[in-house]
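Trainee: Provided herewith: coords_31.txt, compact mmCIF, C-alpha atoms and all ligand atoms.
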```
# COMPACT_ATOMS: atom_id res chain seq x y z
CA MET A 16 36.19 -59.62 -23.57
CA LEU A 17 36.00 -58.35 -27.14
CA VAL A 18 38.73 -56.02 -28.43
CA GLU A 19 37.57 -54.07 -31.50
CA LYS A 20 40.21 -52.59 -33.84
CA ASN A 21 40.23 -49.23 -35.70
CA VAL A 22 36.89 -48.06 -34.31
CA PRO A 23 35.61 -44.65 -35.56
CA LEU A 24 35.15 -42.34 -32.56
CA GLN A 25 33.07 -39.68 -34.34
CA PRO A 26 29.76 -41.13 -33.06
CA PHE A 27 31.20 -41.26 -29.54
CA ASN A 28 32.20 -37.60 -29.05
CA THR A 29 29.67 -34.76 -28.96
CA LEU A 30 31.99 -32.40 -30.88
CA HIS A 31 31.70 -34.98 -33.74
CA VAL A 32 35.44 -34.83 -34.43
CA VAL A 33 36.70 -37.56 -36.77
CA ALA A 34 39.28 -39.82 -35.09
CA LYS A 35 39.62 -43.51 -34.39
CA ALA A 36 40.57 -45.80 -31.55
CA LEU A 37 43.26 -48.26 -32.56
CA SER A 38 41.67 -50.64 -30.04
CA LEU A 39 38.43 -50.34 -28.09
CA ILE A 40 37.09 -52.52 -25.29
CA ARG A 41 33.45 -52.28 -24.20
CA ILE A 42 33.11 -52.39 -20.42
CA ARG A 43 29.64 -53.71 -19.47
CA CYS A 44 30.38 -54.95 -15.95
CA GLU A 45 33.14 -54.99 -13.34
CA ALA A 46 34.33 -58.41 -14.58
CA ASP A 47 35.09 -56.91 -18.04
CA VAL A 48 37.62 -54.52 -16.43
CA ARG A 49 39.21 -57.31 -14.41
CA SER A 50 39.61 -59.59 -17.42
CA ALA A 51 41.13 -56.71 -19.44
CA VAL A 52 43.58 -56.05 -16.57
CA ALA A 53 44.39 -59.77 -16.27
CA ALA A 54 45.02 -60.03 -20.02
CA THR A 55 47.73 -57.33 -19.90
CA ALA A 56 51.02 -57.78 -18.07
CA GLY A 57 51.41 -54.99 -15.50
CA GLY A 58 47.82 -53.80 -15.80
CA LEU A 59 45.76 -51.85 -18.30
CA LEU A 60 47.85 -48.66 -18.28
CA PRO A 61 47.95 -46.31 -20.03
CA ALA A 62 44.33 -46.44 -21.22
CA PHE A 63 41.72 -43.87 -22.20
CA ILE A 64 38.33 -44.03 -20.50
CA LEU A 65 35.42 -42.97 -22.68
CA GLY A 66 32.04 -42.06 -21.22
CA GLY A 67 29.54 -40.02 -23.24
CA GLY A 68 32.39 -38.15 -25.00
CA SER A 69 30.76 -34.83 -24.11
CA ASN A 70 33.78 -33.21 -22.48
CA ILE A 71 36.69 -34.24 -24.73
CA VAL A 72 38.51 -32.77 -27.72
CA LEU A 73 40.13 -35.47 -29.84
CA THR A 74 43.21 -34.08 -31.59
CA GLY A 75 44.16 -37.35 -33.33
CA ASP A 76 43.69 -41.11 -33.27
CA VAL A 77 43.80 -42.63 -29.80
CA LYS A 78 46.67 -45.09 -29.64
CA VAL A 79 46.24 -46.41 -26.10
CA PRO A 80 43.34 -48.85 -25.47
CA VAL A 81 39.97 -47.06 -25.24
CA LEU A 82 37.72 -48.40 -22.49
CA LYS A 83 34.15 -47.54 -23.44
CA VAL A 84 32.08 -47.58 -20.27
CA GLU A 85 28.65 -49.20 -20.76
CA ILE A 86 27.85 -50.33 -17.20
CA MET A 87 24.10 -49.90 -16.74
CA GLY A 88 21.62 -50.15 -13.85
CA ARG A 89 19.71 -47.73 -11.61
CA ARG A 90 18.32 -48.45 -8.17
CA LEU A 91 17.07 -46.93 -4.93
CA LEU A 92 19.51 -48.20 -2.31
CA GLN A 93 18.31 -46.80 0.97
CA GLU A 94 15.78 -44.40 2.42
CA THR A 95 16.01 -42.80 5.87
CA SER A 96 14.17 -39.87 7.42
CA LYS A 97 17.05 -37.62 6.28
CA ALA A 98 17.81 -38.76 2.72
CA VAL A 99 17.38 -41.20 -0.14
CA ILE A 100 20.46 -42.90 -1.58
CA VAL A 101 20.24 -43.76 -5.29
CA GLU A 102 22.83 -45.55 -7.40
CA ALA A 103 23.51 -45.69 -11.14
CA GLY A 104 25.93 -47.57 -13.36
CA ALA A 105 28.64 -45.37 -14.88
CA GLY A 106 27.37 -45.97 -18.43
CA GLU A 107 23.86 -44.62 -17.77
CA ASN A 108 22.96 -41.42 -19.61
CA TRP A 109 23.08 -38.59 -17.03
CA SER A 110 19.97 -36.72 -18.12
CA ASP A 111 17.85 -39.91 -18.33
CA PHE A 112 19.02 -40.79 -14.83
CA VAL A 113 17.91 -37.37 -13.51
CA THR A 114 14.45 -37.91 -15.05
CA TRP A 115 14.29 -41.43 -13.57
CA THR A 116 15.03 -40.14 -10.04
CA LEU A 117 12.08 -37.73 -10.35
CA GLN A 118 9.85 -40.56 -11.61
CA GLN A 119 10.81 -42.52 -8.48
CA GLY A 120 9.64 -39.57 -6.36
CA CYS A 121 13.23 -38.64 -5.41
CA PRO A 122 13.88 -34.96 -6.22
CA GLY A 123 17.24 -33.20 -5.77
CA LEU A 124 19.00 -33.50 -9.14
CA GLU A 125 16.51 -31.44 -11.21
CA ASN A 126 18.84 -28.40 -11.57
CA LEU A 127 21.33 -30.70 -13.34
CA ALA A 128 18.81 -31.79 -16.01
CA LEU A 129 19.86 -32.09 -19.65
CA ILE A 130 23.63 -31.97 -19.03
CA PRO A 131 25.11 -34.22 -21.74
CA GLY A 132 27.27 -37.21 -20.82
CA THR A 133 27.20 -40.26 -18.62
CA VAL A 134 26.81 -40.84 -14.88
CA GLY A 135 30.43 -42.04 -14.63
CA ALA A 136 31.79 -38.85 -16.18
CA ALA A 137 29.72 -36.59 -13.91
CA PRO A 138 32.05 -36.78 -10.87
CA VAL A 139 35.19 -36.38 -13.02
CA GLN A 140 34.43 -32.74 -13.74
CA ASN A 141 32.03 -32.25 -10.81
CA ILE A 142 29.26 -31.14 -13.19
CA GLY A 143 27.29 -28.11 -12.07
CA ALA A 144 24.49 -25.88 -13.27
CA TYR A 145 21.92 -23.42 -11.93
CA GLY A 146 23.15 -23.35 -8.35
CA VAL A 147 23.79 -27.09 -7.81
CA GLU A 148 27.03 -29.03 -8.22
CA LEU A 149 27.33 -32.80 -8.24
CA GLN A 150 29.31 -32.65 -4.98
CA ASP A 151 26.22 -31.20 -3.23
CA ARG A 152 24.33 -34.45 -3.92
CA PHE A 153 27.20 -36.95 -3.89
CA ASP A 154 27.40 -39.96 -1.59
CA SER A 155 30.20 -42.24 -2.85
CA LEU A 156 31.43 -44.10 -5.92
CA ASP A 157 33.01 -47.40 -6.86
CA ALA A 158 36.01 -47.56 -9.17
CA ILE A 159 38.44 -50.20 -10.36
CA ASP A 160 42.22 -49.75 -10.26
CA LEU A 161 43.44 -50.31 -13.83
CA ARG A 162 46.81 -51.61 -12.64
CA THR A 163 45.64 -54.19 -10.11
CA GLY A 164 41.93 -54.76 -10.87
CA ASP A 165 41.09 -53.95 -7.22
CA LEU A 166 37.74 -52.34 -6.39
CA LEU A 167 37.86 -49.04 -4.48
CA THR A 168 35.04 -47.09 -2.85
CA LEU A 169 35.65 -43.34 -2.55
CA ASP A 170 33.73 -40.77 -0.51
CA ALA A 171 33.44 -37.06 -1.37
CA ALA A 172 36.63 -36.06 0.47
CA GLN A 173 38.62 -38.72 -1.40
CA CYS A 174 37.25 -37.45 -4.73
CA GLY A 175 38.77 -33.99 -4.03
CA PHE A 176 35.96 -32.05 -5.70
CA GLY A 177 36.50 -28.44 -6.81
CA TYR A 178 34.93 -26.19 -9.42
CA ARG A 179 34.75 -28.45 -12.54
CA ASP A 180 37.52 -30.46 -10.93
CA SER A 181 38.27 -33.68 -9.03
CA VAL A 182 41.07 -36.11 -8.28
CA PHE A 183 40.08 -37.93 -11.51
CA LYS A 184 41.40 -34.99 -13.60
CA HIS A 185 44.89 -34.91 -12.08
CA VAL A 186 47.95 -36.96 -12.97
CA SER A 187 50.09 -35.86 -9.97
CA ALA A 188 51.07 -38.37 -7.27
CA MET A 189 47.66 -38.04 -5.54
CA GLY A 190 45.73 -37.81 -8.81
CA LEU A 191 43.74 -40.69 -10.30
CA ALA A 192 43.45 -39.49 -13.93
CA GLY A 193 43.53 -42.55 -16.19
CA ARG A 194 44.40 -44.78 -13.24
CA VAL A 195 40.91 -45.88 -12.18
CA LEU A 196 37.67 -46.56 -14.01
CA ILE A 197 34.52 -45.37 -12.23
CA THR A 198 31.90 -48.17 -12.29
CA ARG A 199 28.99 -46.96 -10.12
CA VAL A 200 28.02 -43.66 -8.48
CA ARG A 201 25.73 -43.12 -5.47
CA PHE A 202 23.86 -39.90 -4.74
CA CYS A 203 22.43 -38.62 -1.47
CA LEU A 204 19.17 -36.73 -2.03
CA PRO A 205 18.33 -34.86 1.20
CA LYS A 206 14.86 -34.94 2.77
CA PRO A 207 12.84 -32.82 2.96
CA TRP A 208 13.51 -31.59 -0.57
CA VAL A 209 14.29 -27.88 -0.85
CA ALA A 210 14.08 -26.08 -4.21
CA VAL A 211 17.25 -24.28 -5.39
CA LEU A 212 16.03 -21.16 -7.18
CA GLY A 213 18.71 -18.53 -6.52
CA TYR A 214 20.11 -18.50 -10.06
CA ALA A 215 19.10 -15.44 -12.14
CA ASP A 216 17.63 -17.43 -15.07
CA LEU A 217 15.44 -19.43 -12.66
CA GLU A 218 14.35 -16.33 -10.75
CA ARG A 219 13.09 -14.91 -14.04
CA LYS A 220 11.06 -18.10 -14.73
CA LEU A 221 9.66 -17.92 -11.21
CA ALA A 222 8.63 -14.29 -11.60
CA VAL A 223 6.95 -14.88 -14.98
CA SER A 224 5.05 -17.98 -13.81
CA GLY A 225 3.88 -16.44 -10.52
CA ASP A 226 4.22 -19.95 -9.03
CA GLY A 227 5.34 -19.37 -5.42
CA ALA A 228 6.22 -22.98 -4.70
CA PRO A 229 7.28 -24.79 -7.89
CA SER A 230 7.61 -28.57 -7.80
CA ALA A 231 10.82 -30.41 -8.70
CA TRP A 232 9.18 -31.41 -12.00
CA GLN A 233 8.41 -27.75 -12.73
CA ILE A 234 12.03 -26.77 -12.04
CA HIS A 235 13.19 -29.65 -14.26
CA GLU A 236 11.02 -28.29 -17.06
CA TRP A 237 12.32 -24.73 -16.60
CA ILE A 238 15.96 -25.91 -16.60
CA CYS A 239 15.34 -27.83 -19.83
CA GLU A 240 13.78 -24.72 -21.40
CA ILE A 241 16.66 -22.46 -20.28
CA ARG A 242 19.33 -24.87 -21.53
CA ARG A 243 17.59 -25.46 -24.88
CA ALA A 244 17.36 -21.70 -25.42
CA LYS A 245 21.07 -21.01 -25.02
CA LEU A 246 23.02 -24.24 -25.42
CA PRO A 247 23.18 -26.11 -28.75
CA ASP A 248 21.90 -29.71 -28.88
CA PRO A 249 24.99 -31.84 -29.67
CA ALA A 250 22.81 -34.08 -31.87
CA VAL A 251 22.25 -31.06 -34.13
CA LEU A 252 25.45 -29.00 -33.72
CA GLY A 253 28.63 -30.60 -32.36
CA ASN A 254 29.80 -29.05 -29.07
CA ALA A 255 31.27 -29.90 -25.67
CA GLY A 256 29.26 -27.51 -23.48
CA SER A 257 31.29 -24.72 -21.90
CA PHE A 258 34.73 -24.75 -23.52
CA PHE A 259 36.42 -22.65 -20.79
CA LYS A 260 36.09 -22.46 -17.02
CA ASN A 261 34.88 -19.23 -15.46
CA PRO A 262 38.14 -17.71 -14.11
CA THR A 263 38.62 -16.59 -10.52
CA VAL A 264 40.54 -13.36 -9.88
CA THR A 265 41.53 -11.44 -6.72
CA SER A 266 39.26 -8.64 -5.51
CA GLU A 267 41.97 -6.10 -6.58
CA GLN A 268 42.10 -7.52 -10.12
CA CYS A 269 38.31 -7.54 -10.28
CA ALA A 270 38.09 -3.89 -9.12
CA ASP A 271 40.64 -2.94 -11.77
CA ILE A 272 38.71 -4.72 -14.54
CA ILE A 273 35.36 -3.23 -13.40
CA ALA A 274 36.90 0.25 -13.46
CA ARG A 275 37.75 -0.27 -17.11
CA ASP A 276 34.72 -2.40 -18.10
CA PRO A 277 31.81 -1.61 -15.74
CA GLY A 278 29.52 -4.09 -17.53
CA ILE A 279 31.55 -7.19 -16.70
CA VAL A 280 29.48 -10.05 -15.25
CA HIS A 281 31.12 -11.11 -11.97
CA TYR A 282 30.20 -13.06 -8.86
CA PRO A 283 31.90 -12.22 -5.51
CA LEU A 284 33.03 -15.35 -3.61
CA VAL A 285 33.11 -15.77 0.18
CA ASP A 286 36.92 -15.49 0.39
CA GLY A 287 36.90 -12.01 -1.21
CA SER A 288 37.94 -13.22 -4.68
CA CYS A 289 35.63 -12.94 -7.70
CA LYS A 290 34.48 -15.33 -10.39
CA LEU A 291 34.14 -13.74 -13.85
CA ALA A 292 31.79 -14.95 -16.62
CA ALA A 293 34.17 -16.29 -19.28
CA GLY A 294 31.34 -16.10 -21.83
CA TRP A 295 31.10 -12.35 -21.23
CA LEU A 296 34.89 -11.89 -21.61
CA ILE A 297 34.90 -13.80 -24.92
CA ASP A 298 31.81 -11.95 -26.11
CA ALA A 299 33.44 -8.59 -25.21
CA CYS A 300 36.40 -9.52 -27.42
CA GLY A 301 33.99 -9.86 -30.34
CA TRP A 302 34.16 -13.65 -30.76
CA ARG A 303 30.47 -14.56 -30.49
CA GLY A 304 29.24 -16.05 -33.78
CA LYS A 305 32.73 -16.03 -35.38
CA THR A 306 34.00 -19.02 -37.37
CA VAL A 307 37.58 -20.02 -38.16
CA GLY A 308 37.80 -22.91 -40.63
CA GLN A 309 35.01 -25.22 -39.53
CA ALA A 310 35.31 -24.38 -35.83
CA GLY A 311 33.05 -21.67 -34.47
CA VAL A 312 31.84 -19.73 -31.44
CA TYR A 313 28.14 -20.34 -30.77
CA GLU A 314 25.88 -17.38 -31.59
CA LYS A 315 23.84 -17.51 -28.36
CA GLN A 316 26.61 -18.34 -25.84
CA ALA A 317 30.23 -17.37 -26.51
CA LEU A 318 31.51 -19.92 -23.98
CA VAL A 319 30.51 -22.76 -26.29
CA LEU A 320 32.69 -23.73 -29.27
CA VAL A 321 30.94 -25.65 -32.04
CA ASN A 322 31.86 -27.87 -34.95
CA ARG A 323 30.17 -26.41 -38.03
CA GLY A 324 30.89 -29.63 -39.95
CA GLY A 325 34.16 -31.50 -40.36
CA ALA A 326 36.25 -29.48 -37.88
CA THR A 327 39.31 -31.30 -36.58
CA GLY A 328 40.42 -31.21 -32.96
CA GLY A 329 43.41 -29.16 -34.14
CA GLU A 330 41.12 -26.56 -35.71
CA LEU A 331 39.06 -26.30 -32.51
CA MET A 332 42.21 -25.91 -30.41
CA THR A 333 43.56 -23.23 -32.79
CA LEU A 334 40.34 -21.27 -32.30
CA ALA A 335 40.52 -21.86 -28.53
CA ARG A 336 44.10 -20.50 -28.44
CA ALA A 337 43.15 -17.44 -30.50
CA ILE A 338 40.34 -16.73 -28.01
CA GLN A 339 42.71 -17.22 -25.05
CA THR A 340 45.20 -14.78 -26.60
CA SER A 341 42.67 -12.03 -27.24
CA VAL A 342 41.08 -12.36 -23.77
CA TYR A 343 44.58 -12.29 -22.25
CA GLU A 344 45.61 -9.22 -24.25
CA ARG A 345 42.51 -7.28 -23.29
CA PHE A 346 41.91 -8.42 -19.70
CA GLY A 347 45.19 -10.03 -18.59
CA ILE A 348 43.37 -13.28 -17.80
CA MET A 349 44.37 -16.66 -19.26
CA LEU A 350 41.23 -18.77 -19.77
CA GLU A 351 41.56 -22.45 -18.95
CA PRO A 352 39.86 -25.01 -21.22
CA GLU A 353 37.24 -27.16 -19.50
CA PRO A 354 37.21 -30.28 -21.71
CA VAL A 355 39.99 -32.84 -21.60
CA VAL A 356 42.22 -32.49 -24.69
CA VAL A 357 43.17 -35.97 -25.93
N1 LIG B 401 27.36 -13.93 -21.18
C1 LIG B 401 27.56 -12.95 -22.14
N2 LIG B 401 27.84 -13.33 -23.42
C2 LIG B 401 27.91 -14.64 -23.78
C3 LIG B 401 27.70 -15.65 -22.80
C4 LIG B 401 27.44 -15.27 -21.51
O1 LIG B 401 27.51 -11.77 -21.85
O2 LIG B 401 28.16 -14.90 -24.96
C5 LIG B 401 27.00 -13.56 -19.82
C6 LIG B 401 25.54 -13.91 -19.55
O3 LIG B 401 24.66 -12.91 -19.95
C7 LIG B 401 25.52 -14.12 -18.05
C8 LIG B 401 26.93 -14.60 -17.75
O4 LIG B 401 27.75 -14.31 -18.88
O5 LIG B 401 25.29 -12.93 -17.37
C9 LIG B 401 27.00 -16.08 -17.42
O6 LIG B 401 26.42 -16.86 -18.48
P1 LIG B 401 25.50 -18.14 -18.18
O7 LIG B 401 24.44 -17.79 -17.22
O8 LIG B 401 25.11 -18.70 -19.50
O9 LIG B 401 26.46 -19.15 -17.42
P2 LIG B 401 27.98 -19.52 -17.67
O10 LIG B 401 28.79 -18.99 -16.55
O11 LIG B 401 28.37 -19.12 -19.04
C10 LIG B 401 27.96 -21.77 -16.32
C11 LIG B 401 28.44 -23.16 -16.55
C12 LIG B 401 27.44 -23.93 -17.41
C13 LIG B 401 26.11 -23.96 -16.68
C14 LIG B 401 25.67 -22.51 -16.45
C15 LIG B 401 24.42 -22.43 -15.61
C16 LIG B 401 30.87 -23.04 -16.47
C17 LIG B 401 32.15 -23.07 -17.24
N3 LIG B 401 29.75 -23.12 -17.19
O12 LIG B 401 27.95 -21.12 -17.59
O13 LIG B 401 27.91 -25.26 -17.53
O14 LIG B 401 25.13 -24.65 -17.43
O15 LIG B 401 26.69 -21.78 -15.72
O16 LIG B 401 24.68 -22.74 -14.29
O17 LIG B 401 30.91 -22.97 -15.26
C18 LIG B 401 29.15 -26.75 -18.88
O18 LIG B 401 29.90 -26.89 -17.92
O19 LIG B 401 29.33 -27.37 -19.97
C19 LIG B 401 28.04 -25.83 -18.77
C20 LIG B 401 27.21 -25.60 -19.76
```
Give the structure from this file in structure tokens form.
Mentor:
Amino acid sequence: MLVEKNVPLQPFNTLHVVAKALSLIRIRCEADVRSAVAATAGGLLPAFILGGGSNIVLTGDVKVPVLKVEIMGRRLLQETSKAVIVEAGAGENWSDFVTWTLQQGCPGLENLALIPGTVGAAPVQNIGAYGVELQDRFDSLDAIDLRTGDLLTLDAAQCGFGYRDSVFKHVSAMGLAGRVLITRVRFCLPKPWVAVLGYADLERKLAVSGDGAPSAWQIHEWICEIRRAKLPDPAVLGNAGSFFKNPTVTSEQCADIIARDPGIVHYPLVDGSCKLAAGWLIDACGWRGKTVGQAGVYEKQALVLVNRGGATGGELMTLARAIQTSVYERFGIMLEPEPVVV
């Protein structure tokens, strides 16, 4: 086990914020976690687990040990008449894994193409896009307890998935945030494959193409086109995807807001409540394209905050708070950040 000291974290976070890890341990297999746990009296806690760094805001140097997950490997585990089970190491790049499943003839993850980050980080925030959430295709995952070194296998119920949420984000008694390191994730891809095309952006692609029965590869291509058109490429412009969750309000609150702002983009949910498009709320407050210091609001999608070059985590959080305040003052809704603030 190699412990590196004073490691720059700028290359390892997609917002490109400058910060360093006072100590960093690369985790390439399960045994690396166990030896790190064994080397520390009372276990490896607290520690910070780093995947692709695509959903974090670093507000300073990280003083606890950083465990950089680099566990690789992809395989088809099992095929039945009902589903294919595929597995990937937590350090695999998510988008490359999605492409690989299609190359293996196993569709089902195509709507989640091009989401930045690693396979191990995907269950933490239950990634979702264009009508599919990770939990819809999840089978189980392996994780290691950072106090004892024990291996755990968790099913979907044990992961406690919610909208951009899971047990891995919570520090309460039942929460596992920072307490376990996810090593491998298994997905269940149902057979026969059924295309998910209900999302407005995809319906538009479908209408334009005139293709009545698009293949999974075709949907993958459309998703990549849609994302590239409205989300910045972190390699070019630092960002962490959506910076806020889409808030849920009661039907009464929603009716009240619609009465005042008939144009508001909203989605009724089965329980009578409503999800509102946070990007629309931020846009309506005039933030799209604005820049404060080196932190900015992306021109094509107000839900995305960007680093225009040299922004600190503090600067990004100052902008985030200013946005929260103006949305709250106009709509009475407090937006909740989506990335983990470190
Ligand atoms: N809108 C505006 N102005 C803006 C941005 C959006 O009016 O500046 C409107 C759009 O016109 C649209 C609505 O708001 O009618 C929703 O926008 P969009 O379709 O872009 O989706 P979103 O709700 O902003 C969510 C996810 C994305 C995911 C897309 C597609 C969250 C927080 N974000 O964005 O996830 O890719 O749907 O499914 O749920 C991410 O989590 O990092 C992420 C990118």
Trainee: Rank A:Gly304, A:Gly253, A:Gly146, A:Pro247 by their smallest atom-to-atom distance to Asn322 (chain A), using all atoms listed in the file, and report the top residue only.
Mentor: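 Among the listed residues, the smallest separation from Asn322 (chain A) belongs to A:Gly253.
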Trainee: Give me, please, the distance in Å between CA of Arg179 (chain A) and CA of Pro23 (chain A), quoted to one decimal.
Mentor: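 Straight-line distance from CA of Arg179 (chain A) to CA of Pro23 (chain A) works out to 28.2 Å.
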Trainee: Given all atoms listed in the file as the basis, pick out the residue of A:Ala105, A:Ile348, A:Leu196, A:Cys44 nearest to Ile64 (chain A).
Mentor: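 Among the listed residues, A:Leu196 lies closest to Ile64 (chain A).
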Trainee: Distance table requested - region 244-270 of chain A against region 328-337 of chain A, cut-off 12 Å, all atoms listed in the file: one row per qualifying residue with the closest atom pair and its distance in Å to one decimal, ordered by chain and rising residue number, as a tab-separated table.
Mentor:
```
residue	atom	partner	partner_atom	distance
A:Gly253	CA	A:Leu331	CA	11.3
A:Asn254	CA	A:Leu331	CA	10.3
A:Ala255	CA	A:Leu331	CA	11.0
A:Ser257	CA	A:Ala335	CA	11.7
A:Phe258	CA	A:Ala335	CA	8.2
A:Phe259	CA	A:Ala335	CA	8.8
```
Trainee: Within 9 Å of ligand LIG 401 (chain B), which residues show up when you count all atoms listed in the file? List them as a PyMOL selection string, please.
Mentor: chain A and resi 69-70+126-127+130-131+140+142-147+178-179+214-216+242+245-246+255-262+279-281+291-299+302-304+312-319+352-354
Trainee: Could you save the residues just selected, with C-alpha atoms, as an mmCIF file, keeping the file's coordinate frame?
Mentor:
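Now in out_15.cif:
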```cif
data_model
loop_
_atom_site.group_PDB
_atom_site.id
_atom_site.type_symbol
_atom_site.label_atom_id
_atom_site.label_comp_id
_atom_site.auth_asym_id
_atom_site.auth_seq_id
_atom_site.Cartn_x
_atom_site.Cartn_y
_atom_site.Cartn_z
ATOM 1 C CA SER A 69 30.760 -34.830 -24.110
ATOM 2 C CA ASN A 70 33.780 -33.210 -22.480
ATOM 3 C CA ASN A 126 18.840 -28.400 -11.570
ATOM 4 C CA LEU A 127 21.330 -30.700 -13.340
ATOM 5 C CA ILE A 130 23.630 -31.970 -19.030
ATOM 6 C CA PRO A 131 25.110 -34.220 -21.740
ATOM 7 C CA GLN A 140 34.430 -32.740 -13.740
ATOM 8 C CA ILE A 142 29.260 -31.140 -13.190
ATOM 9 C CA GLY A 143 27.290 -28.110 -12.070
ATOM 10 C CA ALA A 144 24.490 -25.880 -13.270
ATOM 11 C CA TYR A 145 21.920 -23.420 -11.930
ATOM 12 C CA GLY A 146 23.150 -23.350 -8.350
ATOM 13 C CA VAL A 147 23.790 -27.090 -7.810
ATOM 14 C CA TYR A 178 34.930 -26.190 -9.420
ATOM 15 C CA ARG A 179 34.750 -28.450 -12.540
ATOM 16 C CA TYR A 214 20.110 -18.500 -10.060
ATOM 17 C CA ALA A 215 19.100 -15.440 -12.140
ATOM 18 C CA ASP A 216 17.630 -17.430 -15.070
ATOM 19 C CA ARG A 242 19.330 -24.870 -21.530
ATOM 20 C CA LYS A 245 21.070 -21.010 -25.020
ATOM 21 C CA LEU A 246 23.020 -24.240 -25.420
ATOM 22 C CA ALA A 255 31.270 -29.900 -25.670
ATOM 23 C CA GLY A 256 29.260 -27.510 -23.480
ATOM 24 C CA SER A 257 31.290 -24.720 -21.900
ATOM 25 C CA PHE A 258 34.730 -24.750 -23.520
ATOM 26 C CA PHE A 259 36.420 -22.650 -20.790
ATOM 27 C CA LYS A 260 36.090 -22.460 -17.020
ATOM 28 C CA ASN A 261 34.880 -19.230 -15.460
ATOM 29 C CA PRO A 262 38.140 -17.710 -14.110
ATOM 30 C CA ILE A 279 31.550 -7.190 -16.700
ATOM 31 C CA VAL A 280 29.480 -10.050 -15.250
ATOM 32 C CA HIS A 281 31.120 -11.110 -11.970
ATOM 33 C CA LEU A 291 34.140 -13.740 -13.850
ATOM 34 C CA ALA A 292 31.790 -14.950 -16.620
ATOM 35 C CA ALA A 293 34.170 -16.290 -19.280
ATOM 36 C CA GLY A 294 31.340 -16.100 -21.830
ATOM 37 C CA TRP A 295 31.100 -12.350 -21.230
ATOM 38 C CA LEU A 296 34.890 -11.890 -21.610
ATOM 39 C CA ILE A 297 34.900 -13.800 -24.920
ATOM 40 C CA ASP A 298 31.810 -11.950 -26.110
ATOM 41 C CA ALA A 299 33.440 -8.590 -25.210
ATOM 42 C CA TRP A 302 34.160 -13.650 -30.760
ATOM 43 C CA ARG A 303 30.470 -14.560 -30.490
ATOM 44 C CA GLY A 304 29.240 -16.050 -33.780
ATOM 45 C CA VAL A 312 31.840 -19.730 -31.440
ATOM 46 C CA TYR A 313 28.140 -20.340 -30.770
ATOM 47 C CA GLU A 314 25.880 -17.380 -31.590
ATOM 48 C CA LYS A 315 23.840 -17.510 -28.360
ATOM 49 C CA GLN A 316 26.610 -18.340 -25.840
ATOM 50 C CA ALA A 317 30.230 -17.370 -26.510
ATOM 51 C CA LEU A 318 31.510 -19.920 -23.980
ATOM 52 C CA VAL A 319 30.510 -22.760 -26.290
ATOM 53 C CA PRO A 352 39.860 -25.010 -21.220
ATOM 54 C CA GLU A 353 37.240 -27.160 -19.500
ATOM 55 C CA PRO A 354 37.210 -30.280 -21.710
#
```
Trainee: Within 6 Å of (32.1, -39.6, -22.5) (file coordinates; only C-alpha atoms), which protein or nucleic acid residues are there? I'd like them as a list of chain:residue names.
Mentor: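 Collected hits near the coordinates: A:Leu65, A:Gly66, A:Gly67, A:Gly68, A:Ser69, A:Gly132.
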Trainee: Separation of CA of Val72 (chain A) and CA of Ser181 (chain A), in Å?
Mentor: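 Those two atoms sit 18.7 Å apart.
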